[in-house]
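Below is work_14.txt, which holds compact mmCIF, C-alpha atoms.
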# COMPACT_ATOMS: atom_id res chain seq x y z
CA MET A 1 -4.48 -28.72 0.13
CA GLN A 2 -2.09 -26.63 -1.94
CA ASN A 3 -4.71 -23.91 -2.06
CA ARG A 4 -4.86 -23.93 1.72
CA THR A 5 -1.16 -23.22 2.28
CA LEU A 6 -1.40 -20.47 -0.31
CA GLU A 7 -4.26 -18.85 1.55
CA VAL A 8 -2.45 -19.16 4.85
CA GLY A 9 0.57 -17.46 3.27
CA VAL A 10 -1.55 -14.58 2.00
CA GLY A 11 -3.27 -14.25 5.37
CA LEU A 12 0.07 -14.09 7.16
CA PHE A 13 1.31 -11.51 4.67
CA LEU A 14 -1.71 -9.26 5.23
CA LEU A 15 -1.38 -9.67 8.99
CA ALA A 16 2.34 -8.83 8.85
CA GLY A 17 1.54 -5.69 6.87
CA LEU A 18 -1.10 -4.49 9.31
CA LEU A 19 1.11 -5.33 12.27
CA ALA A 20 3.97 -3.37 10.75
CA PHE A 21 1.64 -0.40 10.27
CA LEU A 22 0.61 -0.53 13.91
CA LEU A 23 4.26 -0.73 14.90
CA LEU A 24 5.05 2.36 12.85
CA ALA A 25 2.15 4.23 14.40
CA LEU A 26 2.82 3.33 18.02
CA ARG A 27 6.51 2.64 18.34
CA VAL A 28 8.09 4.87 15.70
CA SER A 29 5.85 7.92 15.60
CA GLY A 30 4.81 7.62 19.23
CA LEU A 31 1.16 8.18 18.37
CA THR A 32 -1.06 8.56 21.39
CA VAL A 33 -4.76 8.14 20.94
CA GLY A 34 -7.17 10.86 22.05
CA SER A 35 -4.85 13.81 22.66
CA ASP A 36 -6.52 16.00 20.06
CA ASN A 37 -7.89 18.49 22.58
CA THR A 38 -5.69 21.55 22.30
CA TYR A 39 -6.03 25.29 22.54
CA LYS A 40 -4.20 28.07 20.74
CA VAL A 41 -1.86 30.57 22.37
CA TYR A 42 0.18 33.31 20.69
CA ALA A 43 3.49 34.82 21.68
CA ASN A 44 5.41 37.71 20.12
CA PHE A 45 9.20 37.50 20.04
CA ASP A 46 11.80 40.08 18.96
CA ASN A 47 13.77 37.30 17.31
CA ILE A 48 12.66 33.76 16.71
CA ALA A 49 15.80 32.73 14.75
CA GLY A 50 16.03 28.97 14.49
CA LEU A 51 12.59 28.10 15.81
CA THR A 52 10.58 26.08 13.32
CA VAL A 53 7.03 24.84 12.92
CA ARG A 54 6.56 21.56 14.88
CA SER A 55 9.07 22.59 17.53
CA LYS A 56 8.22 21.50 21.06
CA VAL A 57 6.63 23.69 23.70
CA THR A 58 7.71 22.60 27.17
CA MET A 59 7.05 23.48 30.74
CA ALA A 60 9.37 22.27 33.48
CA GLY A 61 10.93 20.06 30.82
CA VAL A 62 7.66 18.31 30.00
CA THR A 63 6.32 18.66 26.47
CA ILE A 64 2.88 20.26 26.61
CA GLY A 65 2.36 21.32 23.00
CA LYS A 66 3.93 22.32 19.72
CA VAL A 67 4.49 25.30 17.47
CA THR A 68 1.98 25.30 14.60
CA ALA A 69 2.73 28.56 12.78
CA ILE A 70 5.31 31.32 12.69
CA ASP A 71 4.71 34.62 10.96
CA LEU A 72 5.71 38.27 11.13
CA ASP A 73 3.41 40.70 12.86
CA ARG A 74 3.16 43.54 10.31
CA ASP A 75 2.56 46.34 12.78
CA SER A 76 5.09 45.64 15.50
CA TYR A 77 7.73 43.92 13.30
CA MET A 78 7.89 41.04 15.75
CA GLY A 79 7.80 37.32 15.07
CA ARG A 80 4.42 35.89 16.06
CA VAL A 81 4.48 32.24 17.13
CA THR A 82 1.27 30.23 17.27
CA MET A 83 1.30 27.30 19.69
CA GLN A 84 -1.13 24.47 20.27
CA LEU A 85 -1.13 23.53 23.94
CA ASP A 86 -2.63 20.48 25.54
CA GLU A 87 -6.12 21.03 26.98
CA ALA A 88 -4.93 19.23 30.12
CA VAL A 89 -2.68 22.22 30.85
CA ASN A 90 -5.35 24.93 30.77
CA ASN A 91 -4.34 26.65 33.98
CA LEU A 92 -1.41 28.75 32.72
CA PRO A 93 -1.42 32.20 34.40
CA ALA A 94 -1.83 35.07 31.93
CA ASP A 95 1.56 36.58 32.82
CA SER A 96 3.55 33.41 32.13
CA THR A 97 6.85 33.84 30.34
CA ALA A 98 7.78 32.17 27.04
CA SER A 99 11.43 31.89 26.11
CA ILE A 100 13.15 30.28 23.15
CA LEU A 101 15.70 27.77 24.39
CA THR A 102 18.23 25.49 22.73
CA ALA A 103 18.63 21.79 23.36
CA GLY A 104 22.34 21.38 23.89
CA LEU A 105 24.82 23.85 22.41
CA LEU A 106 23.80 23.51 18.77
CA GLY A 107 20.64 21.46 19.12
CA GLU A 108 17.10 22.27 18.06
CA LYS A 109 15.23 25.29 19.38
CA TYR A 110 12.14 24.89 21.52
CA ILE A 111 9.90 27.08 23.62
CA GLY A 112 10.00 26.89 27.37
CA ILE A 113 7.17 28.39 29.40
CA SER A 114 7.66 29.45 32.99
CA VAL A 115 4.70 30.08 35.22
CA GLY A 116 3.63 33.55 36.25
CA GLY A 117 1.67 34.59 39.33
CA GLU A 118 -1.57 36.08 38.09
CA GLU A 119 -4.93 34.51 38.85
CA GLU A 120 -6.29 35.01 35.35
CA VAL A 121 -5.45 32.11 33.01
CA LEU A 122 -4.60 32.00 29.31
CA GLY A 123 -7.55 30.81 27.25
CA GLU A 124 -8.08 29.99 23.61
CA GLY A 125 -6.33 32.70 21.57
CA GLY A 126 -4.52 34.13 24.59
CA ILE A 127 -1.32 36.12 24.06
CA ILE A 128 1.85 35.72 26.09
CA HIS A 129 3.35 39.21 26.40
CA ASP A 130 6.40 38.42 28.48
CA THR A 131 8.86 36.79 26.09
CA GLN A 132 12.55 36.14 25.85
CA SER A 133 14.04 35.88 22.39
CA SER A 134 16.25 33.34 20.82
CA LEU A 135 19.90 33.44 21.69
CA VAL A 136 21.75 34.31 18.49
CA LEU A 137 25.35 33.18 18.66
CA GLU A 138 26.50 35.73 16.07
CA ASP A 139 25.09 38.65 18.12
CA LEU A 140 26.91 37.42 21.21
CA ILE A 141 30.20 37.08 19.34
CA GLY A 142 29.65 40.54 17.80
CA LYS A 143 29.13 42.13 21.22
CA PHE A 144 32.15 40.34 22.63
CA LEU A 145 34.36 41.54 19.77
CA LEU A 146 33.08 45.10 20.08
CA ASN A 147 33.82 45.01 23.80
CA SER A 148 37.39 43.86 23.33
CA VAL A 149 37.98 46.49 20.62
CA ASN A 150 36.67 49.20 22.92
CA LYS A 151 38.94 47.99 25.71
CA ASP A 152 41.97 48.05 23.41
CA GLN A 153 41.19 51.65 22.42
CA ALA A 154 40.76 52.67 26.04
CA ASN A 155 44.11 51.11 26.94
CA GLN A 156 45.98 52.99 24.25
CA MET B 157 22.63 7.71 -47.27
CA ARG B 158 19.19 8.89 -48.20
CA LYS B 159 18.39 12.37 -47.12
CA THR B 160 15.04 12.82 -45.46
CA SER B 161 13.24 16.05 -46.17
CA VAL B 162 12.16 18.39 -43.41
CA LEU B 163 8.53 17.59 -44.07
CA GLU B 164 9.22 13.87 -43.69
CA ARG B 165 10.86 14.48 -40.34
CA VAL B 166 7.92 16.52 -39.15
CA ARG B 167 5.63 13.70 -40.26
CA LEU B 168 7.65 11.12 -38.32
CA PHE B 169 7.61 13.35 -35.26
CA GLY B 170 3.88 13.77 -35.52
CA ARG B 171 3.41 10.06 -35.89
CA ALA B 172 5.46 9.38 -32.77
CA GLY B 173 3.25 11.84 -30.90
CA ILE B 174 0.09 10.16 -32.13
CA ASP B 175 1.51 6.78 -31.09
CA VAL B 176 2.22 8.01 -27.58
CA LEU B 177 -1.24 9.52 -27.20
CA GLY B 178 -2.81 6.36 -28.62
CA THR B 179 -0.97 4.17 -26.09
CA LEU B 180 -1.97 6.46 -23.25
CA GLY B 181 -5.59 6.40 -24.34
CA ARG B 182 -5.62 2.63 -24.71
CA SER B 183 -4.04 2.17 -21.29
CA VAL B 184 -6.66 4.37 -19.62
CA ILE B 185 -9.53 2.54 -21.34
CA PHE B 186 -7.86 -0.72 -20.35
CA LEU B 187 -7.60 0.33 -16.71
CA VAL B 188 -11.16 1.58 -16.45
CA ARG B 189 -12.57 -1.53 -18.09
CA ALA B 190 -10.48 -3.85 -15.93
CA LEU B 191 -11.39 -2.15 -12.66
CA PHE B 192 -14.96 -1.05 -13.18
CA GLY B 193 -16.35 -3.46 -15.77
CA ARG B 194 -18.94 -6.14 -15.04
CA SER B 195 -17.68 -8.62 -12.47
CA ALA B 196 -15.86 -11.77 -13.45
CA THR B 197 -17.35 -15.18 -13.93
CA GLY B 198 -16.15 -17.59 -11.29
CA ASN B 199 -14.85 -16.73 -7.86
CA GLY B 200 -13.10 -13.37 -8.06
CA PHE B 201 -11.87 -13.56 -4.49
CA GLN B 202 -10.10 -16.87 -5.12
CA LEU B 203 -8.29 -15.37 -8.12
CA LEU B 204 -7.24 -12.37 -6.04
CA VAL B 205 -5.83 -14.55 -3.26
CA LYS B 206 -3.78 -16.49 -5.78
CA GLN B 207 -2.34 -13.29 -7.25
CA LEU B 208 -1.71 -11.80 -3.81
CA HIS B 209 0.40 -14.86 -3.15
CA SER B 210 2.48 -14.63 -6.30
CA VAL B 211 2.80 -10.84 -6.27
CA GLY B 212 2.94 -10.07 -2.55
CA VAL B 213 4.06 -13.06 -0.55
CA MET B 214 6.73 -14.07 -3.03
CA SER B 215 8.20 -10.54 -3.00
CA LEU B 216 8.44 -10.55 0.77
CA ALA B 217 11.90 -12.15 0.93
CA ILE B 218 13.65 -9.60 -1.28
CA ILE B 219 11.86 -6.72 0.48
CA VAL B 220 12.82 -7.89 3.95
CA VAL B 221 16.44 -8.61 3.08
CA SER B 222 17.01 -5.32 1.28
CA GLY B 223 15.14 -3.45 4.02
CA VAL B 224 17.45 -4.78 6.72
CA PHE B 225 20.56 -3.93 4.74
CA ILE B 226 19.41 -0.43 3.78
CA GLY B 227 18.49 0.32 7.39
CA MET B 228 21.89 -0.90 8.56
CA VAL B 229 23.77 1.12 5.97
CA LEU B 230 21.75 4.26 6.76
CA SER B 231 22.55 3.82 10.42
CA LEU B 232 26.27 3.39 9.78
CA GLN B 233 26.52 6.36 7.43
CA GLY B 234 24.32 8.56 9.57
CA PHE B 235 26.36 7.75 12.66
CA SER B 236 29.68 8.65 11.06
CA ILE B 237 28.30 11.96 9.75
CA LEU B 238 26.38 12.91 12.88
CA ALA B 239 29.31 11.99 15.12
CA GLN B 240 31.18 14.95 13.62
CA TYR B 241 28.59 17.25 15.21
CA GLY B 242 28.42 15.30 18.42
CA SER B 243 24.78 14.37 17.92
CA GLU B 244 24.90 10.61 17.45
CA GLN B 245 21.57 10.25 19.27
CA ALA B 246 19.83 11.77 16.25
CA VAL B 247 20.70 8.70 14.20
CA GLY B 248 17.36 7.07 15.06
CA GLN B 249 15.47 10.09 13.86
CA MET B 250 17.49 10.21 10.66
CA VAL B 251 17.01 6.52 9.85
CA ALA B 252 13.27 6.61 10.57
CA LEU B 253 12.55 9.78 8.61
CA THR B 254 14.61 8.71 5.60
CA LEU B 255 12.93 5.32 5.47
CA LEU B 256 9.38 6.49 6.07
CA ARG B 257 9.43 9.48 3.77
CA GLU B 258 11.61 8.37 0.88
CA LEU B 259 13.44 5.08 0.82
CA GLY B 260 10.60 2.88 2.04
CA PRO B 261 8.13 3.73 -0.73
CA VAL B 262 10.69 4.35 -3.49
CA VAL B 263 12.98 1.36 -3.04
CA THR B 264 10.00 -0.93 -2.54
CA ALA B 265 8.48 0.36 -5.76
CA LEU B 266 11.72 -0.16 -7.69
CA LEU B 267 12.21 -3.68 -6.29
CA PHE B 268 8.55 -4.43 -6.91
CA ALA B 269 8.86 -3.30 -10.53
CA GLY B 270 11.87 -5.56 -11.00
CA ARG B 271 10.57 -8.57 -9.10
CA ALA B 272 6.81 -8.64 -9.61
CA GLY B 273 6.22 -6.11 -12.40
CA SER B 274 8.43 -7.83 -14.93
CA ALA B 275 6.89 -11.18 -14.03
CA LEU B 276 3.38 -9.80 -14.58
CA THR B 277 4.34 -8.40 -17.97
CA ALA B 278 6.03 -11.59 -19.10
CA GLU B 279 3.15 -13.76 -17.89
CA ILE B 280 0.41 -11.76 -19.58
CA GLY B 281 2.53 -11.23 -22.69
CA ASN B 282 3.08 -14.97 -22.95
CA MET B 283 -0.65 -15.59 -22.53
CA LYS B 284 -1.27 -13.16 -25.34
CA SER B 285 1.29 -14.66 -27.70
CA THR B 286 0.03 -18.19 -27.10
CA GLU B 287 -3.49 -16.87 -27.74
CA GLN B 288 -4.79 -17.82 -24.33
CA LEU B 289 -6.35 -14.39 -23.94
CA SER B 290 -8.29 -14.62 -27.20
CA SER B 291 -9.33 -18.20 -26.33
CA LEU B 292 -10.79 -16.92 -23.07
CA ALA B 293 -12.68 -14.24 -24.98
CA MET B 294 -13.90 -16.97 -27.37
CA ILE B 295 -15.55 -18.96 -24.59
CA GLY B 296 -17.19 -15.81 -23.26
CA VAL B 297 -14.84 -14.97 -20.37
CA ASP B 298 -13.58 -11.40 -20.36
CA PRO B 299 -9.77 -11.67 -19.98
CA LEU B 300 -9.72 -8.15 -18.55
CA LYS B 301 -11.79 -9.31 -15.61
CA TYR B 302 -10.46 -12.83 -15.30
CA ILE B 303 -6.74 -12.27 -15.89
CA VAL B 304 -6.00 -8.57 -15.54
CA ALA B 305 -8.23 -7.28 -12.74
CA PRO B 306 -7.03 -9.67 -10.00
CA ARG B 307 -3.42 -8.85 -10.85
CA LEU B 308 -4.08 -5.12 -10.69
CA TRP B 309 -5.84 -5.37 -7.33
CA ALA B 310 -3.15 -7.68 -5.97
CA GLY B 311 -0.50 -5.10 -6.88
CA PHE B 312 -2.49 -2.21 -5.37
CA ILE B 313 -3.01 -4.09 -2.12
CA SER B 314 0.35 -5.71 -1.64
CA MET B 315 2.76 -2.89 -2.45
CA PRO B 316 1.75 -0.47 0.32
CA LEU B 317 1.97 -3.39 2.75
CA LEU B 318 5.40 -4.30 1.42
CA ALA B 319 6.54 -0.67 1.77
CA ILE B 320 5.39 -0.58 5.39
CA ILE B 321 7.15 -3.86 6.13
CA PHE B 322 10.26 -2.50 4.41
CA SER B 323 10.29 0.57 6.66
CA VAL B 324 9.75 -1.43 9.83
CA VAL B 325 12.45 -3.94 8.99
CA GLY B 326 14.80 -1.13 7.96
CA ILE B 327 14.28 0.71 11.23
CA TRP B 328 14.89 -2.51 13.10
CA GLY B 329 18.14 -3.07 11.17
CA GLY B 330 19.19 0.51 11.83
CA ALA B 331 18.42 0.18 15.52
CA MET B 332 20.41 -3.03 15.69
CA VAL B 333 23.52 -1.43 14.19
CA ALA B 334 23.21 1.82 16.15
CA ILE B 335 22.43 0.35 19.55
CA ASP B 336 24.26 -2.96 19.64
CA TRP B 337 27.21 -2.14 17.47
CA LEU B 338 27.88 1.60 17.57
CA GLY B 339 26.79 2.00 21.17
CA VAL B 340 24.12 4.69 20.83
CA TYR B 341 22.05 4.77 24.02
CA GLU B 342 18.82 2.87 23.38
CA GLY B 343 16.54 5.29 25.22
CA SER B 344 17.66 8.38 23.33
CA PHE B 345 17.59 6.48 20.03
CA TRP B 346 13.87 5.71 20.35
CA ALA B 347 12.93 8.93 22.13
CA ASN B 348 14.54 11.09 19.44
CA MET B 349 12.73 9.06 16.80
CA GLN B 350 9.34 9.38 18.49
CA ASN B 351 9.80 13.10 19.05
CA SER B 352 10.55 13.86 15.44
CA VAL B 353 8.37 11.41 13.52
CA SER B 354 4.77 12.50 13.30
CA PHE B 355 2.10 10.00 12.40
CA ARG B 356 0.20 12.11 9.91
CA GLU B 357 3.09 13.97 8.30
CA ASP B 358 5.55 11.12 7.96
CA VAL B 359 3.89 7.73 8.31
CA LEU B 360 0.66 8.50 6.45
CA ASN B 361 2.39 10.53 3.73
CA GLY B 362 4.76 7.61 3.16
CA VAL B 363 1.81 5.25 2.85
CA ILE B 364 0.07 7.61 0.40
CA LYS B 365 3.25 7.69 -1.66
CA SER B 366 3.44 3.93 -1.80
CA ILE B 367 -0.23 3.67 -2.80
CA VAL B 368 0.43 6.02 -5.73
CA PHE B 369 3.53 4.04 -6.71
CA ALA B 370 1.62 0.76 -6.44
CA PHE B 371 -1.01 2.11 -8.79
CA VAL B 372 1.50 3.33 -11.36
CA VAL B 373 3.86 0.35 -11.30
CA THR B 374 1.14 -2.31 -11.49
CA TRP B 375 -0.73 -0.41 -14.18
CA ILE B 376 2.38 -0.08 -16.34
CA ALA B 377 3.36 -3.72 -15.81
CA VAL B 378 -0.02 -5.22 -16.63
CA PHE B 379 -0.71 -2.88 -19.53
CA GLN B 380 2.70 -3.55 -21.13
CA GLY B 381 1.96 -7.26 -21.00
CA TYR B 382 -1.52 -6.83 -22.42
CA ASP B 383 -0.41 -4.43 -25.13
CA CYS B 384 2.79 -6.22 -26.19
CA GLU B 385 3.57 -7.57 -29.61
CA PRO B 386 2.69 -11.29 -29.42
CA THR B 387 6.19 -12.57 -30.28
CA SER B 388 9.04 -13.64 -28.04
CA GLU B 389 10.91 -10.49 -29.06
CA GLY B 390 7.86 -8.41 -28.26
CA ILE B 391 7.59 -9.94 -24.79
CA SER B 392 11.22 -9.23 -24.03
CA ARG B 393 10.80 -5.63 -25.18
CA ALA B 394 7.64 -5.23 -23.11
CA THR B 395 9.39 -6.57 -19.99
CA THR B 396 12.26 -4.14 -20.45
CA LYS B 397 9.80 -1.29 -20.98
CA THR B 398 7.96 -2.21 -17.80
CA VAL B 399 11.05 -1.96 -15.65
CA VAL B 400 12.35 1.21 -17.33
CA TYR B 401 9.04 3.08 -17.46
CA ALA B 402 7.97 2.02 -13.98
CA SER B 403 11.30 3.06 -12.44
CA LEU B 404 11.30 6.42 -14.19
CA ALA B 405 7.67 7.06 -13.32
CA VAL B 406 8.32 6.22 -9.66
CA LEU B 407 11.35 8.49 -9.39
CA GLY B 408 9.65 11.36 -11.20
CA LEU B 409 6.43 11.07 -9.23
CA ASP B 410 8.43 10.85 -6.03
CA PHE B 411 9.88 14.29 -6.66
CA ILE B 412 6.44 15.75 -7.33
CA LEU B 413 4.88 14.08 -4.27
CA THR B 414 7.75 15.13 -2.02
CA ALA B 415 7.45 18.70 -3.24
CA LEU B 416 3.71 18.66 -2.53
CA MET B 417 3.97 16.95 0.86
CA PHE B 418 7.11 18.37 2.41
CA GLY B 419 7.90 21.36 0.18
CA ASP B 420 5.86 23.86 2.21
CA PHE B 421 3.91 25.58 -0.49

If you convert what's in this file into structure tokens, what do you get?
Amino acid sequence: MQNRTLEVGVGLFLLAGLLAFLLLALRVSGLTVGSDNTYKVYANFDNIAGLTVRSKVTMAGVTIGKVTAIDLDRDSYMGRVTMQLDEAVNNLPADSTASILTAGLLGEKYIGISVGGEEEVLGEGGIIHDTQSSLVLEDLIGKFLLNSVNKDQANQ
Amino acid sequence: MRKTSVLERVRLFGRAGIDVLGTLGRSVIFLVRALFGRSATGNGFQLLVKQLHSVGVMSLAIIVVSGVFIGMVLSLQGFSILAQYGSEQAVGQMVALTLLRELGPVVTALLFAGRAGSALTAEIGNMKSTEQLSSLAMIGVDPLKYIVAPRLWAGFISMPLLAIIFSVVGIWGGAMVAIDWLGVYEGSFWANMQNSVSFREDVLNGVIKSIVFAFVVTWIAVFQGYDCEPTSEGISRATTKTVVYASLAVLGLDFILTALMFGDF
């Protein structure tokens, strides 16, 4: 009899462990089964400042993929971003635009894709040519300061 | 005071080195024989269930209670820091990542070393000093298979489960504080968490960490008991060694594993 309660305890413990693992997988990491079908798309940006690997790629606000690699293109000196997009969204026109956006004022950077008009679609290994770089706050402030200095000099 | 010559000091140093290597070698032989030797007489599964109970189930209370409190504290601290940047919603992401990647495996391993590891050492050490182990060998039962192996397997199995339970309970505690007490919006709390936690990178790496820690902590605990001096003083020293060595090994290994998993190189 004593052995029985002991075994029930161990069984419950093992069940609790497995249940907790499932909870972590589904609730915490938001794992969805069977979304492994993706295709690769590249985009070259003048400045990718702040974008990181694993950032979201969105279209109309809906997440359709993620950034898997960022490296420098040696020849053009541009940042080359590799994205994995969902196979379900395989009808992106070849002249779509990719821009680096910011969630909130100081939030994380992500890529937003807006649809182009061409009939040809981006396939595996396609390159998005039309890009809009990251907004760098320091550059903006620099331009603003330069402007006000120039105005002051013109006034004098 | 007697002056020791340089040569004598070198000799003592060398002897300490040989001792360390000898202990390491013995512990490896011990592990291999316990895990891969010929199977035990009697019902091995029954022995394992009994050890799972005393090592795993009995540790559940301390793991759950400390998990809840650590999750709650993380949530409170994270909220007050993140509120300075106006991004309180990220508190869910912070709590989940901290627990899954670091605190879950590490704190569980430390608690496990204190709660179950020391008990294992003391139990086996006591068996050794009262000559139960040699009596078993006398009647033809291999103590490595009958006593040691079930305890090792019980530790390997139960600690990863305990670490997972710790993380889940911690996240629940954190969510409770953040949502019900601090007033973070529930939707953004969970959405932020799900967006940033990836199953393979965070959950599975955390589980791998806790499997490594389980291996190290249980090995140290059982070996210290088996290798201890068969006196009451020896048992007390072995128990202390278990907790100290296991904690240091866990913290050191954690750095190495984190560097390998999240260090990007």

To one decimal place in Å, what is the distance between CA of Asp298 (chain B) and CA of Asp383 (chain B)?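 CA of Asp383 (chain B) lies 15.6 Å from CA of Asp298 (chain B).
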
Judged by only C-alpha atoms, the minimum distance to chain B among A:Asp95, A:Ser76, A:Asn90, A:Glu108 is found for A:Glu108

Using only C-alpha atoms, select each residue of chain A with any atom at most 6 Å away from an atom of chain B, and give the selection as an mmCIF file with C-alpha atoms, in the frame of the given file.
data_model
loop_
_atom_site.group_PDB
_atom_site.id
_atom_site.type_symbol
_atom_site.label_atom_id
_atom_site.label_comp_id
_atom_site.auth_asym_id
_atom_site.auth_seq_id
_atom_site.Cartn_x
_atom_site.Cartn_y
_atom_site.Cartn_z
ATOM 1 C CA VAL A 10 -1.550 -14.580 2.000
ATOM 2 C CA GLY A 17 1.540 -5.690 6.870
ATOM 3 C CA ALA A 20 3.970 -3.370 10.750
ATOM 4 C CA VAL A 28 8.090 4.870 15.700
ATOM 5 C CA SER A 29 5.850 7.920 15.600
ATOM 6 C CA GLY A 30 4.810 7.620 19.230
#

Give me the residues within 8 Å of Tyr110 (chain A) as a list in words, counting only C-alpha atoms and dropping any in the same chain fewer than 4 places off. Leu51, Ser55, Lys56, Val57, Thr58, Ile100, Leu101, Thr102 and Ala103 of chain A

Once 3 Å is added on each side, what centre and edge lengths in Å to one decimal does the axis-aligned box around all listed atoms of region 284-287 of chain B have, as lines of an AutoDock Vina configuration file?
center_x = -1.1
center_y = -15.7
center_z = -26.5
size_x = 10.8
size_y = 11.0
size_z = 8.4

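Separating CA of Ser96 (chain A) from CA of Asp46 (chain A) is a distance of 16.9 Å.
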
Using all atoms listed in the file - which residues lie no farther than 9 Å from the point (4.3, 23.8, 16.7) in the file's frame? Write them as a PyMOL selection string. chain A and resi 52-57+65-70+81-84

Computed interatomic separation between CA of Pro261 (chain B) and CA of Ala331 (chain B) (Å): 19.6 Å

Counting all atoms listed in the file, figure out which residue out of A:Leu26, A:Ala49, A:Val8, A:Met59 gets nearest to Asp139 (chain A). A:Ala49

Quick one: of B:Gly273, B:Leu267, B:Leu338, B:Met294, who's nearest to Ser236 (chain B), counting all atoms listed in the file?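 Using all atoms listed in the file, the shortest distance to Ser236 (chain B) belongs to B:Leu338.
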
Between B:Val224, B:Thr179, B:Asp410, B:Trp337, which residue has the minimum interatomic distance to Cys384 (chain B), considering all atoms listed in the file?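 Using all atoms listed in the file, Cys384 (chain B) sits closest to B:Thr179.
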